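*Asks:* Just dropping this structure here.
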Amino acid sequence: MFNLFKSPAFILIRGVVVLLACLLMGDAIAYVLPFDFPGSILGLFVLFFLLSSQLVPLNWVYNSGQLILRNMALLFIPVAAGLLGYVDVLSEGIGLIISSAFTGLVLILLVVGRLYQRMQG
């Protein structure tokens, strides 16, 4: 007999609903906060709390998360298309953008390396 709750479609939909609910909860928390904070990041914290406290089992969101990660490149197409409207602005500041990205990378590597050395002894 066919069990609806074990069908692949139900499992994917359940995972997407849980992920979307965490995102919406994060947006609601961000709306209530007196300072600006990204709701998506708060949604990730909500998801982390639910998974770490085992209120939501990992297998509920695993398949949906894998599906989203496999198709991550498609999710960046709208962002890349939106950036095409600002090519002139980006080309004017490309040197500053590259130098700040490189400086940030070097600083992160130095800080993480130093912290690792201090933690090791």
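Scheme for the structure tokens: letters A, B, ... for chains in order shown; per-chain residue numbers from 1; ligand numbers from 1 in order shown.
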For segment 67-79 of chain A, work out the shell of residues within 12 Å, counting only C-alpha atoms and skipping chain neighbours fewer than 4 positions away, then give it as a ChimeraX atom specification.
*Replies:* /A:11-13,15-16,19,61-63,83-86
*Asks:* Limited to all heavy atoms, could you put the picked residues into a file as a short mmCIF file (atom, residue, chain, number, x, y, z; two decimals), in the first residue's frame?
*Replies:*
```cif
data_model
loop_
_atom_site.label_atom_id
_atom_site.label_comp_id
_atom_site.auth_asym_id
_atom_site.auth_seq_id
_atom_site.Cartn_x
_atom_site.Cartn_y
_atom_site.Cartn_z
N ILE A 11 8.64 14.07 1.35
CA ILE A 11 9.86 14.31 2.12
C ILE A 11 10.50 15.63 1.68
O ILE A 11 10.93 16.43 2.52
CB ILE A 11 10.83 13.12 1.96
CG1 ILE A 11 10.24 11.90 2.68
CG2 ILE A 11 12.22 13.45 2.50
CD1 ILE A 11 10.98 10.61 2.42
N LEU A 12 10.55 15.90 0.37
CA LEU A 12 11.12 17.15 -0.12
C LEU A 12 10.27 18.35 0.29
O LEU A 12 10.79 19.38 0.72
CB LEU A 12 11.27 17.11 -1.63
CG LEU A 12 12.46 16.35 -2.16
CD1 LEU A 12 12.43 16.29 -3.68
CD2 LEU A 12 13.75 16.95 -1.69
N ILE A 13 8.97 18.22 0.16
CA ILE A 13 8.07 19.32 0.52
C ILE A 13 8.16 19.62 2.01
O ILE A 13 8.20 20.78 2.41
CB ILE A 13 6.62 19.01 0.08
CG1 ILE A 13 6.54 19.03 -1.44
CG2 ILE A 13 5.64 19.99 0.68
CD1 ILE A 13 5.23 18.52 -2.00
N GLY A 15 10.71 19.16 3.98
CA GLY A 15 11.98 19.84 4.23
C GLY A 15 11.95 21.29 3.79
O GLY A 15 12.44 22.18 4.51
N VAL A 16 11.37 21.56 2.63
CA VAL A 16 11.28 22.94 2.15
C VAL A 16 10.40 23.76 3.07
O VAL A 16 10.70 24.92 3.37
CB VAL A 16 10.76 22.97 0.69
CG1 VAL A 16 10.41 24.38 0.27
CG2 VAL A 16 11.80 22.39 -0.24
N LEU A 19 12.44 24.57 6.19
CA LEU A 19 13.43 25.61 5.89
C LEU A 19 12.77 26.97 5.70
O LEU A 19 13.26 27.99 6.19
CB LEU A 19 14.24 25.23 4.66
CG LEU A 19 15.16 24.02 4.80
CD1 LEU A 19 15.77 23.64 3.46
CD2 LEU A 19 16.22 24.26 5.84
N VAL A 61 15.14 17.73 6.92
CA VAL A 61 15.62 18.82 6.06
C VAL A 61 16.81 18.42 5.21
O VAL A 61 17.23 19.18 4.34
CB VAL A 61 15.99 20.07 6.89
CG1 VAL A 61 14.78 20.65 7.55
CG2 VAL A 61 17.06 19.76 7.90
N TYR A 62 17.36 17.23 5.40
CA TYR A 62 18.59 16.83 4.70
C TYR A 62 18.40 16.81 3.19
O TYR A 62 19.18 17.40 2.45
CB TYR A 62 19.07 15.47 5.22
CG TYR A 62 20.36 15.04 4.58
CD1 TYR A 62 21.56 15.56 5.03
CD2 TYR A 62 20.38 14.13 3.53
CE1 TYR A 62 22.76 15.19 4.44
CE2 TYR A 62 21.56 13.77 2.93
CZ TYR A 62 22.75 14.29 3.39
OH TYR A 62 23.92 13.93 2.80
N ASN A 63 17.37 16.11 2.71
CA ASN A 63 17.17 15.97 1.27
C ASN A 63 16.88 17.32 0.61
O ASN A 63 17.39 17.60 -0.48
CB ASN A 63 16.05 14.98 0.97
CG ASN A 63 16.44 13.57 1.30
OD1 ASN A 63 17.61 13.22 1.28
ND2 ASN A 63 15.47 12.74 1.63
N LEU A 83 23.50 42.59 -11.04
CA LEU A 83 24.79 43.29 -11.02
C LEU A 83 25.15 43.86 -12.39
O LEU A 83 25.91 44.82 -12.47
CB LEU A 83 25.90 42.36 -10.55
CG LEU A 83 25.95 42.08 -9.05
CD1 LEU A 83 27.04 41.07 -8.73
CD2 LEU A 83 26.17 43.35 -8.27
N LEU A 84 24.62 43.28 -13.45
CA LEU A 84 24.93 43.80 -14.78
C LEU A 84 24.44 45.23 -14.96
O LEU A 84 24.99 45.97 -15.78
CB LEU A 84 24.31 42.89 -15.85
CG LEU A 84 24.97 41.53 -16.00
CD1 LEU A 84 24.23 40.70 -17.04
CD2 LEU A 84 26.43 41.66 -16.36
N GLY A 85 23.45 45.62 -14.20
CA GLY A 85 22.97 46.99 -14.27
C GLY A 85 23.93 47.99 -13.64
O GLY A 85 23.80 49.20 -13.84
N TYR A 86 24.89 47.50 -12.87
CA TYR A 86 25.83 48.37 -12.17
C TYR A 86 27.26 48.17 -12.65
O TYR A 86 28.22 48.41 -11.92
CB TYR A 86 25.76 48.13 -10.67
CG TYR A 86 24.41 48.44 -10.09
CD1 TYR A 86 23.48 47.44 -9.85
CD2 TYR A 86 24.06 49.74 -9.80
CE1 TYR A 86 22.24 47.73 -9.31
CE2 TYR A 86 22.83 50.05 -9.27
CZ TYR A 86 21.92 49.03 -9.03
OH TYR A 86 20.70 49.33 -8.51
#
```
*Asks:* Can you work out the spacing between atom CA of Tyr116 of chain A and atom CA of Phe102 of chain A in Å, to one decimal?
*Replies:* 20.9 Å
*Asks:* Extract the full set of alpha helix (DSSP H) residues from chain A according to DSSP on the backbone, and format it as a VMD selection string.
*Replies:* chain A and resid 8 to 32 39 to 52 58 to 70 72 to 75 77 to 83 87 to 92 94 to 120
*Asks:* I want to know what sits within 12 Å of Gly39 of chain A, based on only C-alpha atoms, with residues of the same chain fewer than 2 positions away left out; could you give that as a CSV table (one decimal) with all heavy atoms, in the first residue's frame?
*Replies:*
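Wrote around13.csv, looks like this:
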```csv
chain,number,residue,atom,x,y,z
A,20,LEU,N,11.6,27.0,5.0
A,20,LEU,CA,10.9,28.2,4.8
A,20,LEU,C,10.4,28.8,6.1
A,20,LEU,O,10.4,30.0,6.3
A,20,LEU,CB,9.8,28.1,3.8
A,20,LEU,CG,9.1,29.3,3.3
A,20,LEU,CD1,10.0,30.3,2.6
A,20,LEU,CD2,7.9,28.9,2.4
A,21,ALA,N,9.9,27.9,7.0
A,21,ALA,CA,9.4,28.4,8.3
A,21,ALA,C,10.5,29.0,9.1
A,21,ALA,O,10.3,30.0,9.8
A,21,ALA,CB,8.7,27.2,9.0
A,22,CYS,N,11.7,28.4,9.0
A,22,CYS,CA,12.8,29.0,9.8
A,22,CYS,C,13.2,30.3,9.2
A,22,CYS,O,13.5,31.3,10.0
A,22,CYS,CB,14.0,28.0,9.7
A,22,CYS,SG,13.8,26.5,10.7
A,23,LEU,N,13.2,30.5,7.9
A,23,LEU,CA,13.5,31.8,7.3
A,23,LEU,C,12.4,32.8,7.7
A,23,LEU,O,12.8,33.9,8.0
A,23,LEU,CB,13.5,31.6,5.8
A,23,LEU,CG,13.6,32.9,5.0
A,23,LEU,CD1,15.0,33.6,5.2
A,23,LEU,CD2,13.4,32.7,3.5
A,24,LEU,N,11.2,32.4,7.7
A,24,LEU,CA,10.1,33.4,8.1
A,24,LEU,C,10.2,33.7,9.5
A,24,LEU,O,9.9,34.9,9.9
A,24,LEU,CB,8.7,32.8,7.7
A,24,LEU,CG,8.5,32.7,6.2
A,24,LEU,CD1,7.1,32.0,6.0
A,24,LEU,CD2,8.5,34.0,5.5
A,25,MET,N,10.6,32.8,10.4
A,25,MET,CA,10.8,33.1,11.8
A,25,MET,C,11.9,34.0,12.0
A,25,MET,O,11.9,35.0,12.8
A,25,MET,CB,11.0,31.8,12.6
A,25,MET,CG,9.7,31.0,12.8
A,25,MET,SD,10.0,29.4,13.5
A,25,MET,CE,10.8,29.7,15.0
A,26,GLY,N,13.0,33.8,11.2
A,26,GLY,CA,14.1,34.7,11.3
A,26,GLY,C,13.8,36.1,10.8
A,26,GLY,O,14.2,37.1,11.4
A,27,ASP,N,13.0,36.2,9.8
A,27,ASP,CA,12.5,37.6,9.3
A,27,ASP,C,11.6,38.2,10.4
A,27,ASP,O,11.7,39.4,10.6
A,27,ASP,CB,11.7,37.4,8.0
A,27,ASP,CG,12.6,37.2,6.8
A,27,ASP,OD1,13.8,37.5,6.9
A,27,ASP,OD2,12.1,36.7,5.8
A,28,ALA,N,10.8,37.5,11.0
A,28,ALA,CA,9.9,38.0,12.1
A,28,ALA,C,10.7,38.5,13.3
A,28,ALA,O,10.5,39.6,13.8
A,28,ALA,CB,8.9,37.0,12.5
A,29,ILE,N,11.8,37.8,13.6
A,29,ILE,CA,12.6,38.2,14.7
A,29,ILE,C,13.4,39.5,14.3
A,29,ILE,O,13.5,40.4,15.1
A,29,ILE,CB,13.6,37.1,15.1
A,29,ILE,CG1,12.8,35.9,15.7
A,29,ILE,CG2,14.7,37.6,16.1
A,29,ILE,CD1,13.7,34.6,15.9
A,30,ALA,N,13.9,39.5,13.1
A,30,ALA,CA,14.6,40.7,12.6
A,30,ALA,C,13.7,41.9,12.6
A,30,ALA,O,14.1,43.0,12.8
A,30,ALA,CB,15.2,40.4,11.2
A,31,TYR,N,12.4,41.7,12.3
A,31,TYR,CA,11.5,42.8,12.3
A,31,TYR,C,11.3,43.4,13.7
A,31,TYR,O,11.1,44.6,13.8
A,31,TYR,CB,10.2,42.4,11.7
A,31,TYR,CG,9.1,43.5,11.6
A,31,TYR,CD1,9.2,44.5,10.6
A,31,TYR,CD2,8.1,43.5,12.4
A,31,TYR,CE1,8.3,45.5,10.5
A,31,TYR,CE2,7.1,44.5,12.4
A,31,TYR,CZ,7.2,45.5,11.4
A,31,TYR,OH,6.3,46.5,11.3
A,32,VAL,N,11.3,42.6,14.7
A,32,VAL,CA,11.0,43.0,16.1
A,32,VAL,C,12.3,43.6,16.7
A,32,VAL,O,12.1,44.5,17.5
A,32,VAL,CB,10.6,41.8,16.9
A,32,VAL,CG1,10.5,42.1,18.4
A,32,VAL,CG2,9.3,41.2,16.4
A,33,LEU,N,13.5,43.3,16.2
A,33,LEU,CA,14.7,43.8,16.8
A,33,LEU,C,14.8,45.3,16.6
A,33,LEU,O,14.4,45.8,15.6
A,33,LEU,CB,15.9,43.1,16.2
A,33,LEU,CG,16.1,41.7,16.6
A,33,LEU,CD1,17.3,41.1,15.8
A,33,LEU,CD2,16.3,41.5,18.1
A,35,PHE,N,17.4,47.0,16.0
A,35,PHE,CA,18.5,47.3,15.1
A,35,PHE,C,18.4,46.4,13.9
A,35,PHE,O,17.7,45.4,13.9
A,35,PHE,CB,19.9,47.1,15.8
A,35,PHE,CG,20.0,45.8,16.4
A,35,PHE,CD1,20.5,44.7,15.7
A,35,PHE,CD2,19.7,45.6,17.8
A,35,PHE,CE1,20.6,43.4,16.3
A,35,PHE,CE2,19.8,44.4,18.4
A,35,PHE,CZ,20.2,43.3,17.7
A,36,ASP,N,19.0,46.8,12.8
A,36,ASP,CA,19.0,46.0,11.6
A,36,ASP,C,19.8,44.8,11.7
A,36,ASP,O,21.0,44.9,12.1
A,36,ASP,CB,19.5,46.9,10.4
A,36,ASP,CG,18.4,48.0,10.0
A,36,ASP,OD1,17.3,47.8,10.3
A,36,ASP,OD2,18.9,49.0,9.4
A,37,PHE,N,19.3,43.7,11.3
A,37,PHE,CA,20.0,42.4,11.3
A,37,PHE,C,19.3,41.5,10.2
A,37,PHE,O,18.1,41.5,10.1
A,37,PHE,CB,19.9,41.7,12.6
A,37,PHE,CG,21.0,40.7,12.8
A,37,PHE,CD1,22.3,41.1,13.2
A,37,PHE,CD2,20.8,39.4,12.6
A,37,PHE,CE1,23.3,40.2,13.4
A,37,PHE,CE2,21.8,38.4,12.7
A,37,PHE,CZ,23.0,38.8,13.2
A,41,ILE,N,20.0,35.3,8.3
A,41,ILE,CA,21.0,34.8,9.3
A,41,ILE,C,20.3,34.3,10.6
A,41,ILE,O,20.6,33.3,11.2
A,41,ILE,CB,22.0,35.9,9.6
A,41,ILE,CG1,22.7,36.3,8.4
A,41,ILE,CG2,23.0,35.4,10.7
A,41,ILE,CD1,23.5,35.2,7.6
A,42,LEU,N,19.3,35.1,11.0
A,42,LEU,CA,18.5,34.7,12.2
A,42,LEU,C,17.8,33.4,11.9
A,42,LEU,O,17.6,32.5,12.8
A,42,LEU,CB,17.6,35.8,12.6
A,42,LEU,CG,18.2,37.1,13.2
A,42,LEU,CD1,17.2,38.2,13.4
A,42,LEU,CD2,19.0,36.8,14.4
A,43,GLY,N,17.3,33.2,10.7
A,43,GLY,CA,16.6,32.0,10.3
A,43,GLY,C,17.6,30.8,10.4
A,43,GLY,O,17.2,29.7,10.8
A,44,LEU,N,18.8,31.0,10.0
A,44,LEU,CA,19.8,29.9,10.2
A,44,LEU,C,20.1,29.6,11.6
A,44,LEU,O,20.2,28.4,12.0
A,44,LEU,CB,21.1,30.4,9.5
A,44,LEU,CG,21.1,30.3,8.0
A,44,LEU,CD1,22.5,30.9,7.5
A,44,LEU,CD2,21.0,28.9,7.5
A,45,PHE,N,20.1,30.6,12.5
A,45,PHE,CA,20.2,30.4,13.9
A,45,PHE,C,19.0,29.6,14.4
A,45,PHE,O,19.2,28.7,15.3
A,45,PHE,CB,20.4,31.7,14.7
A,45,PHE,CG,21.7,32.3,14.6
A,45,PHE,CD1,21.9,33.6,14.3
A,45,PHE,CD2,22.9,31.5,14.7
A,45,PHE,CE1,23.1,34.2,14.2
A,45,PHE,CE2,24.2,32.1,14.6
A,45,PHE,CZ,24.3,33.4,14.4
A,46,VAL,N,17.8,29.9,14.0
A,46,VAL,CA,16.6,29.2,14.4
A,46,VAL,C,16.7,27.7,13.9
A,46,VAL,O,16.5,26.8,14.7
A,46,VAL,CB,15.3,29.8,13.8
A,46,VAL,CG1,14.1,29.0,14.0
A,46,VAL,CG2,15.1,31.2,14.5
```
*Asks:* Just the number, please: distance in Å from atom CA of Leu47 of chain A to atom CA of Ser7 of chain A, one decimal.
*Replies:*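 Result for atom CA of Leu47 of chain A versus atom CA of Ser7 of chain A: 23.5 Å, one decimal.
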*Asks:* Report the distance between atom CA of Arg14 of chain A and atom CA of Val56 of chain A in Å, rounded to one decimal place.
*Replies:* 11.1 Å
*Asks:* Pick from A:Val106, A:Ala81, A:Val112, A:Leu58: nearest to Val18 of chain A, with only C-alpha atoms counted?
*Replies:*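 Nearest to Val18 of chain A: A:Leu58.
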